[in-house]
Amino acid sequence: MTTWEERIAAANDDAERRRLLAELGGWRARNLGDVMALREAARAMSSLYALLGDNAAAVREAESLVSLCQTHPVASPAELRKARALAQSLGGGGVVGPRARGERRERGERGERKERKKPQTRSEGPTSDGLGPAREALASGDLDGARKALRRKKGADAALLRAAVWVEEIRGGAPEERDASLERLATWIRRQVGASAPAERTEAPKAEKKPAKPKAEVMVDDSALAAFLGEAVPSRRRARIHALERAAAARPDQVGELASLALQHHVDTEGAESPAPWLVGIVAQAVVSGQGDAPLATIASLREQGAVAVAAYGEWAWTAAIDAVSAIEGAEFEGLRRGVLARGGEPEERKVWTLRLQGPQGKALIAFANPDDATYPEDFAGPVAERVKSLADGALLVAPGTGNASLRDAAANVGLAVSDATEASAWAAAVVWAGKSERKPAEPKPERKSVDEANARLLAVLGADSVDADALSEALSAYDRLHKAFVAVRGAELSDAAQLAFLQGVHAAAPAKARLPEGTSSAVRLASAGVDGAVALLTEGETAERFGGAGIDTVLEAARALHAAGVRLDRAVRGAMARERRQDPVLSALDAGADGVWRLMGTAGETQVQLAVLAVDTPEARAALPRLWSRSQALLLPEDAMAWYAELDGPKAFTDLGEAVSATTGA
């Protein structure tokens, strides 16, 4: 069978390579559950992009390959080294991840001493849960050895193994005691699964051979973290944080192990659904000090288990903060936190991170906001900026992306330095040290109008009986970000002609390939209401590439039906939003392949409604759909997709538009 590498080598021109790239994308979408196939696809796509001259895409795929090599089943050390070499040869290699087993790093004098024996972790044993020795002892009939191996072990698997040991002891015990022993075992099992009566015993199973040593496991903190700390782990969060800080200060050469144990302990005791933002600082301390292997490996393992506690380490701001420490000359890490306001004070998915540094010139604070195309809520922008300023007068806010413009404006208004760059070198040049003399505010550009003045002028142009194209172009030039113009017209009472003219104007002012998601929503909303000219914006000429897209005819038909049913259409989203791509590696890999899925969002009375539409039935769109339907009341699918969808567990799906709209609105 011909491999992808052989087919790439046989491709003679860019046209053949692009066709091969499209075929490879479809093949990857059909094999999303196969890690080995995803590795092969990432390696091949990196080669194709490099041959096509798209180095950024080649680096992205190569770094994805590095990440996939560290996903279960983990690749061999040699394969991981080759993947890293490929990423570095393309100019990348910035993927932060655990070192492959067998790879070593140079250690200083302190590292040459004999390392202390580390407590068992989940990486041991055949199933990576630390219970391998207990399984082996049980299989060989060594019940004493199995009991010893199960000491300090918790969880459902450990409890099951204890029960198995107990069963074997009952089988080998005196026949006259068997019934009583089985009753005690049954009582304990019912207790473990929450089905015990109030009067039943609650202690853990004890060996029939040693009944004189009853000891309730729930009364002892035998966790690996407690063993490291030398004391029981405090149950209260603040006390636990202080205990971790004391341990990190006392044993700085073992902070990596401490961070790893703290993450695992949190998930073991609090559950997979519990976040742990207070552990960000100690994990960052481990990574920047060169001890990141253990915590990053734990993060990767917990991420596979769906633990919420490690979701934050997939955000751009986490990587940016780590990069900043090494990029800023003379900077020493002092602390990292996620979020600046109390719970509910800022959007959960848009929380701002703060990095504290110490350098020769004094102290500095850099705040990082994850890049996003969606507009940062203005109600939160001001309080967040004020809070960052209260933390350090000379703080630098790094907030890339068009969606963060309102946050950058709010920060500038309170006197903070602001950057929208994504490169660490730019932050190094812009960082403000407390030891420096106070910087003078930048002189405003003479042509730049204030936001209020720009808004007033834009609305005046659009409010005229006839919109002058030149005047509109001049009014739009006052904005450094076009999304501010969309904010200005939001809620304004404009004629249909003025709204169409505005969309034509922002299209002319925008960069050639930039998407304007707010413009797409506006155009679909106008078209659904039957406004003349709106459909042409979405289906004809250059504006169709920016505002429309594949399957737009199906989307418009659905939008008109929702409008007729009394739904006020708020947004029309094509594919995955930037935030969704950032948080979901599958959506990130699919990229534009997810554009065949559209979501129409609006309100029906007081109820938020959403209809998902599979407008273009491709393997990539089918792969993206389950990741985008979470808030949809119904799906609209083509007839050919119904058999495929019948195997999935999602919202009710329809091929009839009327039925889909009725299910969406609850009519």
# chains A, B, ... in the order shown; residues from 1 in each chain; ligands from 1
>>> select_by_dssp(residues="segment 560-633 of chain A", states="alpha helix (DSSP H)", output="PyMOL selection string")
chain A and resi 560-564+578-583+585-590+619-624
>>> write_last_selection(atoms="C-alpha atoms", output="PDB file, in the first residue's frame")
ATOM      1  CA  ARG A 560     -35.724  33.250   6.832  1.00  0.00           C
ATOM      2  CA  ALA A 561     -37.718  30.429   8.432  1.00  0.00           C
ATOM      3  CA  LEU A 562     -36.528  31.412  11.918  1.00  0.00           C
ATOM      4  CA  HIS A 563     -37.397  35.046  11.240  1.00  0.00           C
ATOM      5  CA  ALA A 564     -40.872  34.036  10.088  1.00  0.00           C
ATOM      6  CA  ALA A 578     -11.337  31.350  17.586  1.00  0.00           C
ATOM      7  CA  ARG A 579     -11.940  30.503  21.237  1.00  0.00           C
ATOM      8  CA  GLU A 580     -13.368  27.111  20.289  1.00  0.00           C
ATOM      9  CA  ARG A 581     -10.417  26.330  18.017  1.00  0.00           C
ATOM     10  CA  ARG A 582      -8.007  27.298  20.758  1.00  0.00           C
ATOM     11  CA  GLN A 583      -9.659  25.072  23.356  1.00  0.00           C
ATOM     12  CA  PRO A 585      -7.371  20.466  19.304  1.00  0.00           C
ATOM     13  CA  VAL A 586      -9.694  18.668  16.881  1.00  0.00           C
ATOM     14  CA  LEU A 587     -11.361  21.920  15.806  1.00  0.00           C
ATOM     15  CA  SER A 588      -7.914  23.473  15.546  1.00  0.00           C
ATOM     16  CA  ALA A 589      -6.784  20.648  13.251  1.00  0.00           C
ATOM     17  CA  LEU A 590      -9.943  20.880  11.142  1.00  0.00           C
ATOM     18  CA  PRO A 619     -16.046  14.476   6.426  1.00  0.00           C
ATOM     19  CA  GLU A 620     -14.483  17.519   8.082  1.00  0.00           C
ATOM     20  CA  ALA A 621     -17.870  19.136   8.763  1.00  0.00           C
ATOM     21  CA  ARG A 622     -19.221  15.881  10.205  1.00  0.00           C
ATOM     22  CA  ALA A 623     -16.188  15.656  12.479  1.00  0.00           C
ATOM     23  CA  ALA A 624     -16.755  19.233  13.683  1.00  0.00           C
TER      24      ALA A 624
END
>>> atom_distance(atom1="atom CA of Ile8 of chain A", atom2="atom CA of Leu20 of chain A")
7.7 Å
>>> residues_around(residues="Ala429 of chain A", least_positions_apart="2", cutoff="12 Å", atoms="only C-alpha atoms", output="tab-separated table (two decimals) with N, CA and C atoms, in the first residue's frame")
chain	number	residue	atom	x	y	z
A	324	ALA	N	7.56	34.53	28.14
A	324	ALA	CA	8.01	35.86	28.54
A	324	ALA	C	9.15	35.79	29.54
A	327	ALA	N	12.24	35.20	27.59
A	327	ALA	CA	12.51	36.19	26.54
A	327	ALA	C	12.97	37.53	27.10
A	328	ILE	N	12.57	37.86	28.32
A	328	ILE	CA	12.90	39.16	28.90
A	328	ILE	C	14.21	39.02	29.67
A	329	GLU	N	15.24	39.68	29.18
A	329	GLU	CA	16.58	39.54	29.73
A	329	GLU	C	16.63	39.98	31.19
A	396	LEU	N	1.91	46.10	32.09
A	396	LEU	CA	1.76	45.98	30.64
A	396	LEU	C	0.65	44.97	30.36
A	417	ALA	N	0.34	50.44	29.97
A	417	ALA	CA	0.96	50.16	28.67
A	417	ALA	C	0.22	49.00	28.02
A	418	VAL	N	0.07	49.05	26.69
A	418	VAL	CA	-0.75	48.07	25.99
A	418	VAL	C	0.01	47.54	24.78
A	419	SER	N	-0.15	46.25	24.51
A	419	SER	CA	0.45	45.63	23.33
A	419	SER	C	-0.53	44.62	22.76
A	421	ALA	N	0.77	42.53	20.38
A	421	ALA	CA	1.71	41.63	19.72
A	421	ALA	C	1.60	40.23	20.31
A	423	GLU	N	4.41	38.16	19.88
A	423	GLU	CA	5.79	37.72	20.01
A	423	GLU	C	6.37	38.21	21.33
A	424	ALA	N	7.10	37.32	22.01
A	424	ALA	CA	7.68	37.66	23.31
A	424	ALA	C	8.69	38.80	23.19
A	425	SER	N	9.37	38.90	22.04
A	425	SER	CA	10.35	39.97	21.88
A	425	SER	C	9.71	41.35	21.97
A	426	ALA	N	8.45	41.45	21.48
A	426	ALA	CA	7.75	42.73	21.55
A	426	ALA	C	7.39	43.08	22.99
A	427	TRP	N	7.03	42.09	23.79
A	427	TRP	CA	6.70	42.37	25.20
A	427	TRP	C	7.95	42.77	25.95
A	431	VAL	N	7.86	46.09	28.25
A	431	VAL	CA	7.63	45.89	29.68
A	431	VAL	C	8.06	47.12	30.46
A	432	VAL	N	7.32	47.45	31.51
A	432	VAL	CA	7.58	48.63	32.32
A	432	VAL	C	8.09	48.17	33.68
A	433	TRP	N	9.31	48.58	34.02
A	433	TRP	CA	9.91	48.23	35.30
A	433	TRP	C	9.62	49.34	36.31
>>> closest_residue(among="A:Ala226, A:Leu244, A:Glu545, A:Ala297", to="Trp278 of chain A", atoms="only C-alpha atoms")
A:Leu244
>>> closest_residue(among="A:Leu182, A:Ala156, A:Val287, A:Leu150", to="Thr319 of chain A", atoms="only C-alpha atoms")
A:Val287
>>> closest_residue(among="A:Ala56, A:Leu51, A:Val255, A:Leu500", to="Arg18 of chain A", atoms="only C-alpha atoms")
A:Leu51
>>> residues_around(residues="Leu302 of chain A", least_positions_apart="4", cutoff="10 Å", atoms="only C-alpha atoms", output="PyMOL selection string")
chain A and resi 263-264+267+272+296-298+306-311
>>> select_by_dssp(residues="segment 514-666 of chain A", states="strand (DSSP E)", output="list in words")
Arg568, Leu569, Asp570, Arg571, Ala572, Val573, Arg574, Val597, Trp598, Arg599, Leu600, Met601, Gly602, Thr603, Ala604, Thr607, Gln608, Val609, Gln610, Leu611, Ala612, Val613, Leu614, Ala634, Leu635, Leu636, Lys652, Ala653 and Phe654 of chain A
>>> atom_distance(atom1="atom CA of Leu52 of chain A", atom2="atom CA of Val616 of chain A")
26.5 Å
>>> residues_around(residues="Pro371 of chain A", least_positions_apart="2", cutoff="9 Å", atoms="only C-alpha atoms", output="short mmCIF file (atom, residue, chain, number, x, y, z; two decimals) with C-alpha atoms, in the first residue's frame")
data_model
loop_
_atom_site.label_atom_id
_atom_site.label_comp_id
_atom_site.auth_asym_id
_atom_site.auth_seq_id
_atom_site.Cartn_x
_atom_site.Cartn_y
_atom_site.Cartn_z
CA TRP A 316 -2.44 30.81 24.94
CA ALA A 317 -1.83 33.03 27.98
CA ARG A 350 -11.60 35.21 28.80
CA ALA A 369 -5.51 38.14 27.67
CA ASP A 373 -12.13 37.26 17.45
CA ALA A 399 -4.12 41.45 24.53
CA PRO A 400 -3.80 40.26 20.89
CA GLY A 401 -6.75 39.77 18.59
CA THR A 402 -9.49 41.96 17.21
CA GLY A 403 -11.88 40.85 19.93
CA ASN A 404 -9.70 42.34 22.70
CA ASP A 420 -1.42 43.52 20.79
CA THR A 422 1.96 37.85 19.97
CA ALA A 578 -11.34 31.35 17.59
CA ARG A 579 -11.94 30.50 21.24
#
>>> residues_around(residues="Leu569 of chain A", least_positions_apart="6", cutoff="10 Å", atoms="only C-alpha atoms", output="PyMOL selection string")
chain A and resi 521-522+524-526+528-529+559-560+562-563+600-604+609-610
>>> write_last_selection(atoms="N, CA, C and O atoms", output="PDB file, in the first residue's frame")
ATOM      1  N   SER A 521     -23.018  38.140  10.497  1.00  0.00           N
ATOM      2  CA  SER A 521     -24.263  38.116  11.272  1.00  0.00           C
ATOM      3  C   SER A 521     -25.213  39.210  10.801  1.00  0.00           C
ATOM      4  O   SER A 521     -26.421  38.977  10.639  1.00  0.00           O
ATOM      5  N   SER A 522     -24.683  40.414  10.577  1.00  0.00           N
ATOM      6  CA  SER A 522     -25.536  41.523  10.137  1.00  0.00           C
ATOM      7  C   SER A 522     -26.151  41.244   8.773  1.00  0.00           C
ATOM      8  O   SER A 522     -27.342  41.482   8.553  1.00  0.00           O
ATOM      9  N   VAL A 524     -26.675  38.301   7.269  1.00  0.00           N
ATOM     10  CA  VAL A 524     -27.668  37.219   7.345  1.00  0.00           C
ATOM     11  C   VAL A 524     -28.953  37.729   7.998  1.00  0.00           C
ATOM     12  O   VAL A 524     -30.067  37.381   7.569  1.00  0.00           O
ATOM     13  N   ARG A 525     -28.814  38.557   9.016  1.00  0.00           N
ATOM     14  CA  ARG A 525     -30.001  39.104   9.684  1.00  0.00           C
ATOM     15  C   ARG A 525     -30.828  39.962   8.720  1.00  0.00           C
ATOM     16  O   ARG A 525     -32.053  39.863   8.665  1.00  0.00           O
ATOM     17  N   LEU A 526     -30.148  40.799   7.945  1.00  0.00           N
ATOM     18  CA  LEU A 526     -30.858  41.636   6.968  1.00  0.00           C
ATOM     19  C   LEU A 526     -31.513  40.774   5.890  1.00  0.00           C
ATOM     20  O   LEU A 526     -32.658  41.016   5.492  1.00  0.00           O
ATOM     21  N   SER A 528     -32.498  37.704   6.142  1.00  0.00           N
ATOM     22  CA  SER A 528     -33.625  36.944   6.679  1.00  0.00           C
ATOM     23  C   SER A 528     -34.885  37.797   6.766  1.00  0.00           C
ATOM     24  O   SER A 528     -36.004  37.284   6.702  1.00  0.00           O
ATOM     25  N   ALA A 529     -34.694  39.107   6.900  1.00  0.00           N
ATOM     26  CA  ALA A 529     -35.832  40.022   6.966  1.00  0.00           C
ATOM     27  C   ALA A 529     -36.285  40.477   5.585  1.00  0.00           C
ATOM     28  O   ALA A 529     -37.209  41.290   5.476  1.00  0.00           O
ATOM     29  N   ALA A 559     -32.459  30.849   8.018  1.00  0.00           N
ATOM     30  CA  ALA A 559     -32.584  32.138   8.700  1.00  0.00           C
ATOM     31  C   ALA A 559     -33.938  32.780   8.416  1.00  0.00           C
ATOM     32  O   ALA A 559     -34.573  33.357   9.317  1.00  0.00           O
ATOM     33  N   ARG A 560     -34.407  32.685   7.171  1.00  0.00           N
ATOM     34  CA  ARG A 560     -35.724  33.250   6.832  1.00  0.00           C
ATOM     35  C   ARG A 560     -36.828  32.518   7.599  1.00  0.00           C
ATOM     36  O   ARG A 560     -37.786  33.146   8.084  1.00  0.00           O
ATOM     37  N   LEU A 562     -36.584  31.001  10.512  1.00  0.00           N
ATOM     38  CA  LEU A 562     -36.528  31.412  11.918  1.00  0.00           C
ATOM     39  C   LEU A 562     -37.147  32.801  12.098  1.00  0.00           C
ATOM     40  O   LEU A 562     -37.876  33.056  13.059  1.00  0.00           O
ATOM     41  N   HIS A 563     -36.830  33.695  11.174  1.00  0.00           N
ATOM     42  CA  HIS A 563     -37.397  35.046  11.240  1.00  0.00           C
ATOM     43  C   HIS A 563     -38.920  34.999  11.146  1.00  0.00           C
ATOM     44  O   HIS A 563     -39.626  35.686  11.908  1.00  0.00           O
ATOM     45  N   LEU A 600     -27.123  29.333  13.864  1.00  0.00           N
ATOM     46  CA  LEU A 600     -27.972  30.519  13.873  1.00  0.00           C
ATOM     47  C   LEU A 600     -28.477  30.717  15.299  1.00  0.00           C
ATOM     48  O   LEU A 600     -29.186  29.870  15.841  1.00  0.00           O
ATOM     49  N   MET A 601     -28.102  31.836  15.912  1.00  0.00           N
ATOM     50  CA  MET A 601     -28.411  32.098  17.313  1.00  0.00           C
ATOM     51  C   MET A 601     -29.323  33.314  17.412  1.00  0.00           C
ATOM     52  O   MET A 601     -29.132  34.309  16.696  1.00  0.00           O
ATOM     53  N   GLY A 602     -30.288  33.234  18.302  1.00  0.00           N
ATOM     54  CA  GLY A 602     -31.199  34.358  18.462  1.00  0.00           C
ATOM     55  C   GLY A 602     -32.056  34.195  19.692  1.00  0.00           C
ATOM     56  O   GLY A 602     -31.774  33.368  20.577  1.00  0.00           O
ATOM     57  N   THR A 603     -33.109  34.983  19.768  1.00  0.00           N
ATOM     58  CA  THR A 603     -34.032  34.920  20.898  1.00  0.00           C
ATOM     59  C   THR A 603     -35.456  34.777  20.382  1.00  0.00           C
ATOM     60  O   THR A 603     -35.847  35.431  19.411  1.00  0.00           O
ATOM     61  N   ALA A 604     -36.215  33.911  21.049  1.00  0.00           N
ATOM     62  CA  ALA A 604     -37.641  33.739  20.770  1.00  0.00           C
ATOM     63  C   ALA A 604     -38.374  34.127  22.048  1.00  0.00           C
ATOM     64  O   ALA A 604     -38.418  33.344  22.995  1.00  0.00           O
ATOM     65  N   VAL A 609     -32.256  30.751  21.651  1.00  0.00           N
ATOM     66  CA  VAL A 609     -32.406  29.581  20.789  1.00  0.00           C
ATOM     67  C   VAL A 609     -31.213  29.484  19.847  1.00  0.00           C
ATOM     68  O   VAL A 609     -30.556  30.491  19.540  1.00  0.00           O
ATOM     69  N   GLN A 610     -30.965  28.274  19.385  1.00  0.00           N
ATOM     70  CA  GLN A 610     -29.865  28.047  18.448  1.00  0.00           C
ATOM     71  C   GLN A 610     -30.190  26.856  17.559  1.00  0.00           C
ATOM     72  O   GLN A 610     -30.588  25.800  18.037  1.00  0.00           O
TER      73      GLN A 610
END
>>> residues_around(residues="segment 288-290 of chain A", least_positions_apart="6", cutoff="8 Å", atoms="only C-alpha atoms", output="list in words")
Ile322, Val325, Ser326 and Phe333 of chain A
>>> closest_residue(among="A:Gly26, A:Gly132, A:Gly382, A:Gly314", to="Glu346 of chain A", atoms="only C-alpha atoms")
A:Gly382
